[in-house]
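Participant: Right, I'll just put the structure down here and ask away after.
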Amino acid sequence: SISYNKLGDVFLALGRTDDALAYFESCLKISRMLAEADPRDAQRQRDISISYGNLGDVFLALGRTDDALAYFESSLKTSRVLADADPHDIEKQRSLSVSHNKLGDAFVTLGRTNDAFEQFEACLRISRVLAAADPRDIERQCDLAVSHNNLGEVLATLGRTNEALEQFEASSKISRTVAEADPRHALKQRGLAASHNKLGEVFTTLGRTNDALA
């Protein structure tokens with residue numbers, strides 16, 4: 001199943017979504033069979049959750065948002081069971097946050113902004129706990145920055161501009177810290193630039209043009 005999953009990732013990255021779909025479906029079939037053989041094996045259940053999430057990604061890329069939503073909901077359900085059973089397991093908690101995030105993305109695509117807000121807010125709660133537990137872990141800090149940004153975008157769509165500004169400022173602060181710690185890392189610098197851009201958009205909406213230009 002791991003080989004199918006990796007091939008699916010490659011085909012999805014190449015934009016060959018139909019091929020990715022075929023491999024992810026094969027991966028899910030195997031993952032289900034293995035999980036049914038030993039329902040108490042947490043890793044096998046996690047593999048199913050990942051398979052659901054990957055299929056959701058493909059269906060979202062194909063524009064089949066309702067199908068994507070169904071798979072993301074299945075992924076979230078499985079991730080929540082695993083996380084609740086072992087609240088101190090970092091990977092299980094992060095998997096749960098990812099499931100919330102993917103479901104939020106699907107809701108955004110469907111225009112269900114309030115539902116997206118709930119998912120992104122849940123993701124942020126988990127990301128905060130994980131980041132606070134190990135402030136030196138760059139990946140956790142990046143996850144937290146993304147969570148703030150996603151919540152900010154939804155709040156901006158809902159017209160809650162001042163609240164959106166708070167989220168974007170929090171994201172920008174984290175992104176700046178991460179970027180300054182590794183000035184040669186292109187993705188981190190790009191993340192900081194994106195954070196500045198979001199802040200500029202919100203300042204413009206609020207009529208704070210001097211801040212937008214800063």
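A note on labels: chains of the structure tokens are A, B, ... as shown, every chain counts residues from 1, and ligands are counted from 1 in their shown order.
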Might you pull out every residue within 12 Å of Ala156 of chain A, with only C-alpha atoms counted and same-chain residues fewer than 5 positions away left off, and present them as a list in words?
Facilitator: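 What passes the distance filter is Thr113, Asn114, Phe117, Asn149, Asn150, Leu151, Thr161, Asn162, Glu163, Ala164, Leu165, Glu166, Gln167, Phe168, Lys198, Leu199, Glu201, Val202, Phe203, Thr205 and Leu206 of chain A.
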Participant: I'd like the neighbourhood of Gln45 of chain A as an mmCIF file with N, CA, C and O atoms, in the first residue's frame, where a residue qualifies if any of its atoms comes within 12 Å (using only C-alpha atoms), though same-chain residues fewer than 5 positions away should be ignored.
Facilitator:
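And here is the file that came out, out03.cif:
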```cif
data_model
loop_
_atom_site.group_PDB
_atom_site.id
_atom_site.type_symbol
_atom_site.label_atom_id
_atom_site.label_comp_id
_atom_site.auth_asym_id
_atom_site.auth_seq_id
_atom_site.Cartn_x
_atom_site.Cartn_y
_atom_site.Cartn_z
ATOM 1 N N LEU A 28 -6.205 2.406 -0.675
ATOM 2 C CA LEU A 28 -7.290 2.348 0.296
ATOM 3 C C LEU A 28 -7.831 0.925 0.451
ATOM 4 O O LEU A 28 -8.117 0.477 1.567
ATOM 5 N N ILE A 30 -6.244 -1.889 0.078
ATOM 6 C CA ILE A 30 -5.294 -2.672 0.868
ATOM 7 C C ILE A 30 -5.327 -2.239 2.334
ATOM 8 O O ILE A 30 -5.315 -3.077 3.250
ATOM 9 N N SER A 31 -5.375 -0.935 2.563
ATOM 10 C CA SER A 31 -5.392 -0.408 3.930
ATOM 11 C C SER A 31 -6.621 -0.894 4.686
ATOM 12 O O SER A 31 -6.540 -1.253 5.870
ATOM 13 N N ARG A 32 -7.764 -0.917 4.016
ATOM 14 C CA ARG A 32 -8.993 -1.405 4.644
ATOM 15 C C ARG A 32 -8.876 -2.881 5.010
ATOM 16 O O ARG A 32 -9.273 -3.302 6.099
ATOM 17 N N MET A 33 -8.319 -3.662 4.096
ATOM 18 C CA MET A 33 -8.182 -5.093 4.322
ATOM 19 C C MET A 33 -7.278 -5.363 5.526
ATOM 20 O O MET A 33 -7.590 -6.190 6.385
ATOM 21 N N LEU A 34 -6.159 -4.629 5.608
ATOM 22 C CA LEU A 34 -5.232 -4.803 6.714
ATOM 23 C C LEU A 34 -5.853 -4.353 8.044
ATOM 24 O O LEU A 34 -5.659 -5.001 9.084
ATOM 25 N N ALA A 35 -6.596 -3.256 8.006
ATOM 26 C CA ALA A 35 -7.224 -2.735 9.227
ATOM 27 C C ALA A 35 -8.310 -3.672 9.731
ATOM 28 O O ALA A 35 -8.469 -3.870 10.943
ATOM 29 N N GLU A 36 -9.057 -4.256 8.817
ATOM 30 C CA GLU A 36 -10.104 -5.195 9.209
ATOM 31 C C GLU A 36 -9.512 -6.462 9.832
ATOM 32 O O GLU A 36 -10.130 -7.090 10.693
ATOM 33 N N ALA A 37 -8.302 -6.810 9.408
ATOM 34 C CA ALA A 37 -7.646 -8.003 9.950
ATOM 35 C C ALA A 37 -7.204 -7.798 11.396
ATOM 36 O O ALA A 37 -7.089 -8.754 12.169
ATOM 37 N N ASP A 38 -6.972 -6.527 11.761
ATOM 38 C CA ASP A 38 -6.556 -6.211 13.128
ATOM 39 C C ASP A 38 -7.030 -4.805 13.489
ATOM 40 O O ASP A 38 -6.275 -3.832 13.422
ATOM 41 N N PRO A 39 -8.320 -4.675 13.866
ATOM 42 C CA PRO A 39 -8.919 -3.351 14.137
ATOM 43 C C PRO A 39 -8.244 -2.582 15.264
ATOM 44 O O PRO A 39 -8.411 -1.363 15.365
ATOM 45 N N ARG A 40 -7.488 -3.274 16.114
ATOM 46 C CA ARG A 40 -6.855 -2.593 17.249
ATOM 47 C C ARG A 40 -5.490 -2.013 16.906
ATOM 48 O O ARG A 40 -4.881 -1.339 17.732
ATOM 49 N N ILE A 50 -5.072 8.300 6.277
ATOM 50 C CA ILE A 50 -4.227 8.942 5.257
ATOM 51 C C ILE A 50 -4.773 8.671 3.861
ATOM 52 O O ILE A 50 -4.819 9.560 3.001
ATOM 53 N N SER A 51 -5.216 7.430 3.623
ATOM 54 C CA SER A 51 -5.775 7.072 2.314
ATOM 55 C C SER A 51 -7.025 7.886 2.011
ATOM 56 O O SER A 51 -7.204 8.382 0.892
ATOM 57 N N TYR A 52 -7.887 8.040 3.010
ATOM 58 C CA TYR A 52 -9.082 8.873 2.834
ATOM 59 C C TYR A 52 -8.686 10.304 2.468
ATOM 60 O O TYR A 52 -9.257 10.919 1.556
ATOM 61 N N SER A 74 -14.468 11.271 6.440
ATOM 62 C CA SER A 74 -14.070 9.935 6.894
ATOM 63 C C SER A 74 -12.679 9.967 7.517
ATOM 64 O O SER A 74 -12.424 9.325 8.546
ATOM 65 N N SER A 75 -11.777 10.734 6.904
ATOM 66 C CA SER A 75 -10.430 10.873 7.435
ATOM 67 C C SER A 75 -10.451 11.524 8.811
ATOM 68 O O SER A 75 -9.767 11.072 9.741
ATOM 69 N N LEU A 76 -11.261 12.564 8.955
ATOM 70 C CA LEU A 76 -11.366 13.257 10.241
ATOM 71 C C LEU A 76 -11.924 12.334 11.321
ATOM 72 O O LEU A 76 -11.424 12.312 12.451
ATOM 73 N N LYS A 77 -12.935 11.566 10.964
ATOM 74 C CA LYS A 77 -13.552 10.657 11.939
ATOM 75 C C LYS A 77 -12.524 9.657 12.468
ATOM 76 O O LYS A 77 -12.422 9.435 13.678
ATOM 77 N N THR A 78 -11.752 9.072 11.556
ATOM 78 C CA THR A 78 -10.736 8.098 11.957
ATOM 79 C C THR A 78 -9.628 8.759 12.762
ATOM 80 O O THR A 78 -9.180 8.231 13.787
ATOM 81 N N SER A 79 -9.187 9.926 12.319
ATOM 82 C CA SER A 79 -8.118 10.647 13.024
ATOM 83 C C SER A 79 -8.541 11.042 14.425
ATOM 84 O O SER A 79 -7.733 10.985 15.371
ATOM 85 N N ARG A 80 -9.794 11.426 14.577
ATOM 86 C CA ARG A 80 -10.283 11.837 15.901
ATOM 87 C C ARG A 80 -10.287 10.659 16.873
ATOM 88 O O ARG A 80 -9.898 10.806 18.046
ATOM 89 N N VAL A 81 -10.724 9.493 16.403
ATOM 90 C CA VAL A 81 -10.734 8.301 17.258
ATOM 91 C C VAL A 81 -9.325 7.982 17.748
ATOM 92 O O VAL A 81 -9.101 7.717 18.933
ATOM 93 N N LEU A 82 -8.353 8.033 16.834
ATOM 94 C CA LEU A 82 -6.966 7.726 17.180
ATOM 95 C C LEU A 82 -6.389 8.771 18.138
ATOM 96 O O LEU A 82 -5.691 8.428 19.097
ATOM 97 N N ALA A 83 -6.675 10.042 17.876
ATOM 98 C CA ALA A 83 -6.148 11.121 18.718
ATOM 99 C C ALA A 83 -6.758 11.090 20.114
ATOM 100 O O ALA A 83 -6.068 11.309 21.111
ATOM 101 N N LYS A 92 -0.363 11.636 16.084
ATOM 102 C CA LYS A 92 -1.822 11.461 15.993
ATOM 103 C C LYS A 92 -2.540 12.800 16.131
ATOM 104 O O LYS A 92 -3.545 13.052 15.463
ATOM 105 N N SER A 95 -1.976 14.629 12.863
ATOM 106 C CA SER A 95 -2.836 14.057 11.820
ATOM 107 C C SER A 95 -4.266 14.577 11.958
ATOM 108 O O SER A 95 -4.935 14.850 10.951
#
```
Participant: Quick one: pull the distance between atom CA of Asp89 of chain A and atom CA of Glu121 of chain A, Å, one decimal.
Facilitator: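 Result for atom CA of Asp89 of chain A versus atom CA of Glu121 of chain A: 20.5 Å, one decimal.
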Participant: Report as a tab-separated table (two decimals) with N, CA, C and O atoms, in the first residue's frame all protein, DNA and RNA residues lying within 10 Å of Phe59 of chain A, evaluated on only C-alpha atoms, omitting residues in the same chain fewer than 2 positions from it.
Facilitator:
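Output below, filename selection-v1.tsv:
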```tsv
chain	number	residue	atom	x	y	z
A	17	THR	N	-4.07	13.47	-12.36
A	17	THR	CA	-5.00	13.17	-11.28
A	17	THR	C	-5.73	11.84	-11.47
A	17	THR	O	-6.02	11.15	-10.49
A	18	ASP	N	-6.03	11.46	-12.71
A	18	ASP	CA	-6.71	10.18	-12.93
A	18	ASP	C	-5.81	9.02	-12.51
A	18	ASP	O	-6.29	8.04	-11.91
A	21	LEU	N	-5.64	8.97	-8.75
A	21	LEU	CA	-6.87	8.42	-8.20
A	21	LEU	C	-6.82	6.89	-8.19
A	21	LEU	O	-7.18	6.25	-7.19
A	53	GLY	N	-7.71	10.83	3.20
A	53	GLY	CA	-7.27	12.20	2.95
A	53	GLY	C	-6.68	12.38	1.56
A	53	GLY	O	-6.94	13.38	0.88
A	54	ASN	N	-5.89	11.40	1.12
A	54	ASN	CA	-5.30	11.47	-0.22
A	54	ASN	C	-6.36	11.43	-1.31
A	54	ASN	O	-6.28	12.18	-2.30
A	55	LEU	N	-7.34	10.57	-1.14
A	55	LEU	CA	-8.43	10.51	-2.12
A	55	LEU	C	-9.22	11.83	-2.13
A	55	LEU	O	-9.64	12.30	-3.18
A	56	GLY	N	-9.39	12.41	-0.94
A	56	GLY	CA	-10.05	13.71	-0.87
A	56	GLY	C	-9.29	14.76	-1.64
A	56	GLY	O	-9.88	15.58	-2.37
A	57	ASP	N	-7.95	14.74	-1.53
A	57	ASP	CA	-7.12	15.69	-2.27
A	57	ASP	C	-7.31	15.55	-3.78
A	57	ASP	O	-7.41	16.55	-4.50
A	61	ALA	N	-8.97	18.19	-6.44
A	61	ALA	CA	-8.26	18.63	-7.64
A	61	ALA	C	-9.08	18.39	-8.91
A	61	ALA	O	-8.98	19.15	-9.88
A	62	LEU	N	-9.91	17.35	-8.88
A	62	LEU	CA	-10.76	17.02	-10.03
A	62	LEU	C	-12.05	17.85	-10.07
A	62	LEU	O	-12.83	17.74	-11.00
A	63	GLY	N	-12.26	18.66	-9.03
A	63	GLY	CA	-13.48	19.46	-8.96
A	63	GLY	C	-14.68	18.71	-8.43
A	63	GLY	O	-15.79	19.21	-8.44
A	64	ARG	N	-14.44	17.49	-7.95
A	64	ARG	CA	-15.53	16.67	-7.40
A	64	ARG	C	-15.57	16.92	-5.89
A	64	ARG	O	-15.21	16.09	-5.08
A	65	THR	N	-16.05	18.11	-5.55
A	65	THR	CA	-15.92	18.59	-4.17
A	65	THR	C	-16.76	17.78	-3.20
A	65	THR	O	-16.34	17.55	-2.06
A	66	ASP	N	-17.94	17.35	-3.61
A	66	ASP	CA	-18.78	16.56	-2.70
A	66	ASP	C	-18.11	15.24	-2.35
A	66	ASP	O	-18.18	14.78	-1.20
A	67	ASP	N	-17.48	14.61	-3.36
A	67	ASP	CA	-16.74	13.38	-3.10
A	67	ASP	C	-15.56	13.64	-2.18
A	67	ASP	O	-15.28	12.86	-1.26
A	68	ALA	N	-14.86	14.74	-2.44
A	68	ALA	CA	-13.73	15.11	-1.59
A	68	ALA	C	-14.18	15.31	-0.15
A	68	ALA	O	-13.54	14.83	0.79
A	69	LEU	N	-15.31	15.98	0.01
A	69	LEU	CA	-15.83	16.25	1.35
A	69	LEU	C	-16.11	14.95	2.10
A	69	LEU	O	-15.77	14.82	3.29
A	70	ALA	N	-16.70	13.98	1.41
A	70	ALA	CA	-17.02	12.70	2.05
A	70	ALA	C	-15.76	12.01	2.54
A	70	ALA	O	-15.72	11.46	3.66
A	71	TYR	N	-14.70	12.02	1.73
A	71	TYR	CA	-13.45	11.36	2.14
A	71	TYR	C	-12.76	12.13	3.25
A	71	TYR	O	-12.18	11.53	4.17
```
Participant: Segment 36-95 of chain A: which residues are alpha helix (DSSP H) by DSSP, as a PyMOL selection string?
Facilitator: chain A and resi 36-37+42-61+65-85+90-95
Participant: Those same residues, written as an mmCIF file, in the first residue's frame with C-alpha atoms?
Facilitator:
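Output file part16.cif follows:
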```cif
data_model
loop_
_atom_site.group_PDB
_atom_site.id
_atom_site.type_symbol
_atom_site.label_atom_id
_atom_site.label_comp_id
_atom_site.auth_asym_id
_atom_site.auth_seq_id
_atom_site.Cartn_x
_atom_site.Cartn_y
_atom_site.Cartn_z
ATOM 1 C CA GLU A 36 -10.104 -5.195 9.209
ATOM 2 C CA ALA A 37 -7.646 -8.003 9.950
ATOM 3 C CA ALA A 42 -3.503 2.024 15.469
ATOM 4 C CA GLN A 43 -1.013 2.303 12.605
ATOM 5 C CA ARG A 44 -3.342 0.442 10.261
ATOM 6 C CA GLN A 45 -6.198 2.746 11.221
ATOM 7 C CA ARG A 46 -3.923 5.750 10.619
ATOM 8 C CA ASP A 47 -3.069 4.374 7.177
ATOM 9 C CA ILE A 48 -6.785 4.319 6.357
ATOM 10 C CA SER A 49 -7.144 7.920 7.494
ATOM 11 C CA ILE A 50 -4.227 8.942 5.257
ATOM 12 C CA SER A 51 -5.775 7.072 2.314
ATOM 13 C CA TYR A 52 -9.082 8.873 2.834
ATOM 14 C CA GLY A 53 -7.272 12.202 2.948
ATOM 15 C CA ASN A 54 -5.295 11.472 -0.221
ATOM 16 C CA LEU A 55 -8.428 10.515 -2.121
ATOM 17 C CA GLY A 56 -10.052 13.705 -0.869
ATOM 18 C CA ASP A 57 -7.115 15.689 -2.268
ATOM 19 C CA VAL A 58 -7.530 14.064 -5.681
ATOM 20 C CA PHE A 59 -11.269 14.585 -5.831
ATOM 21 C CA LEU A 60 -10.784 18.213 -4.818
ATOM 22 C CA ALA A 61 -8.263 18.632 -7.644
ATOM 23 C CA THR A 65 -15.924 18.586 -4.172
ATOM 24 C CA ASP A 66 -18.779 16.562 -2.701
ATOM 25 C CA ASP A 67 -16.745 13.375 -3.098
ATOM 26 C CA ALA A 68 -13.729 15.114 -1.591
ATOM 27 C CA LEU A 69 -15.831 16.253 1.346
ATOM 28 C CA ALA A 70 -17.019 12.702 2.047
ATOM 29 C CA TYR A 71 -13.454 11.363 2.136
ATOM 30 C CA PHE A 72 -12.173 14.250 4.262
ATOM 31 C CA GLU A 73 -14.996 13.634 6.751
ATOM 32 C CA SER A 74 -14.070 9.935 6.894
ATOM 33 C CA SER A 75 -10.430 10.873 7.435
ATOM 34 C CA LEU A 76 -11.366 13.257 10.241
ATOM 35 C CA LYS A 77 -13.552 10.657 11.939
ATOM 36 C CA THR A 78 -10.736 8.098 11.957
ATOM 37 C CA SER A 79 -8.118 10.647 13.024
ATOM 38 C CA ARG A 80 -10.283 11.837 15.901
ATOM 39 C CA VAL A 81 -10.734 8.301 17.258
ATOM 40 C CA LEU A 82 -6.966 7.726 17.180
ATOM 41 C CA ALA A 83 -6.148 11.121 18.718
ATOM 42 C CA ASP A 84 -8.720 10.739 21.491
ATOM 43 C CA ALA A 85 -7.351 7.294 22.338
ATOM 44 C CA ILE A 90 2.227 14.032 18.712
ATOM 45 C CA GLU A 91 1.784 12.402 15.301
ATOM 46 C CA LYS A 92 -1.822 11.461 15.993
ATOM 47 C CA GLN A 93 -2.616 14.972 17.155
ATOM 48 C CA ARG A 94 -0.938 16.470 14.085
ATOM 49 C CA SER A 95 -2.836 14.057 11.820
#
```
Participant: Ala145 of chain A: which residues within 6 Å, counting only C-alpha atoms, same-chain residues fewer than 3 positions away excluded, as a list of chain:residue names?
Facilitator: A:Cys142, A:His148, A:Ser171, A:Ile174
Participant: Smallest atom-to-atom distance to Phe120 of chain A: which of A:Pro183, A:Pro87, A:Gly104, A:Pro135, using only C-alpha atoms?
Facilitator: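 So, comparing all the options, the nearest one is A:Gly104.
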Participant: If I take atom CA of Tyr23 of chain A and atom CA of Gly8 of chain A, how far is one from the other in Å, to one decimal?
Facilitator: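 About the pair atom CA of Tyr23 of chain A and atom CA of Gly8 of chain A: they are 5.2 Å apart.
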Participant: Looking at only C-alpha atoms, which of A:Glu25, A:Ala116, A:Ser127, A:Asp134 is the one that sits closest to Leu155 of chain A?
Facilitator: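 The shortest atom-to-atom distance to Leu155 of chain A comes from A:Ala116.
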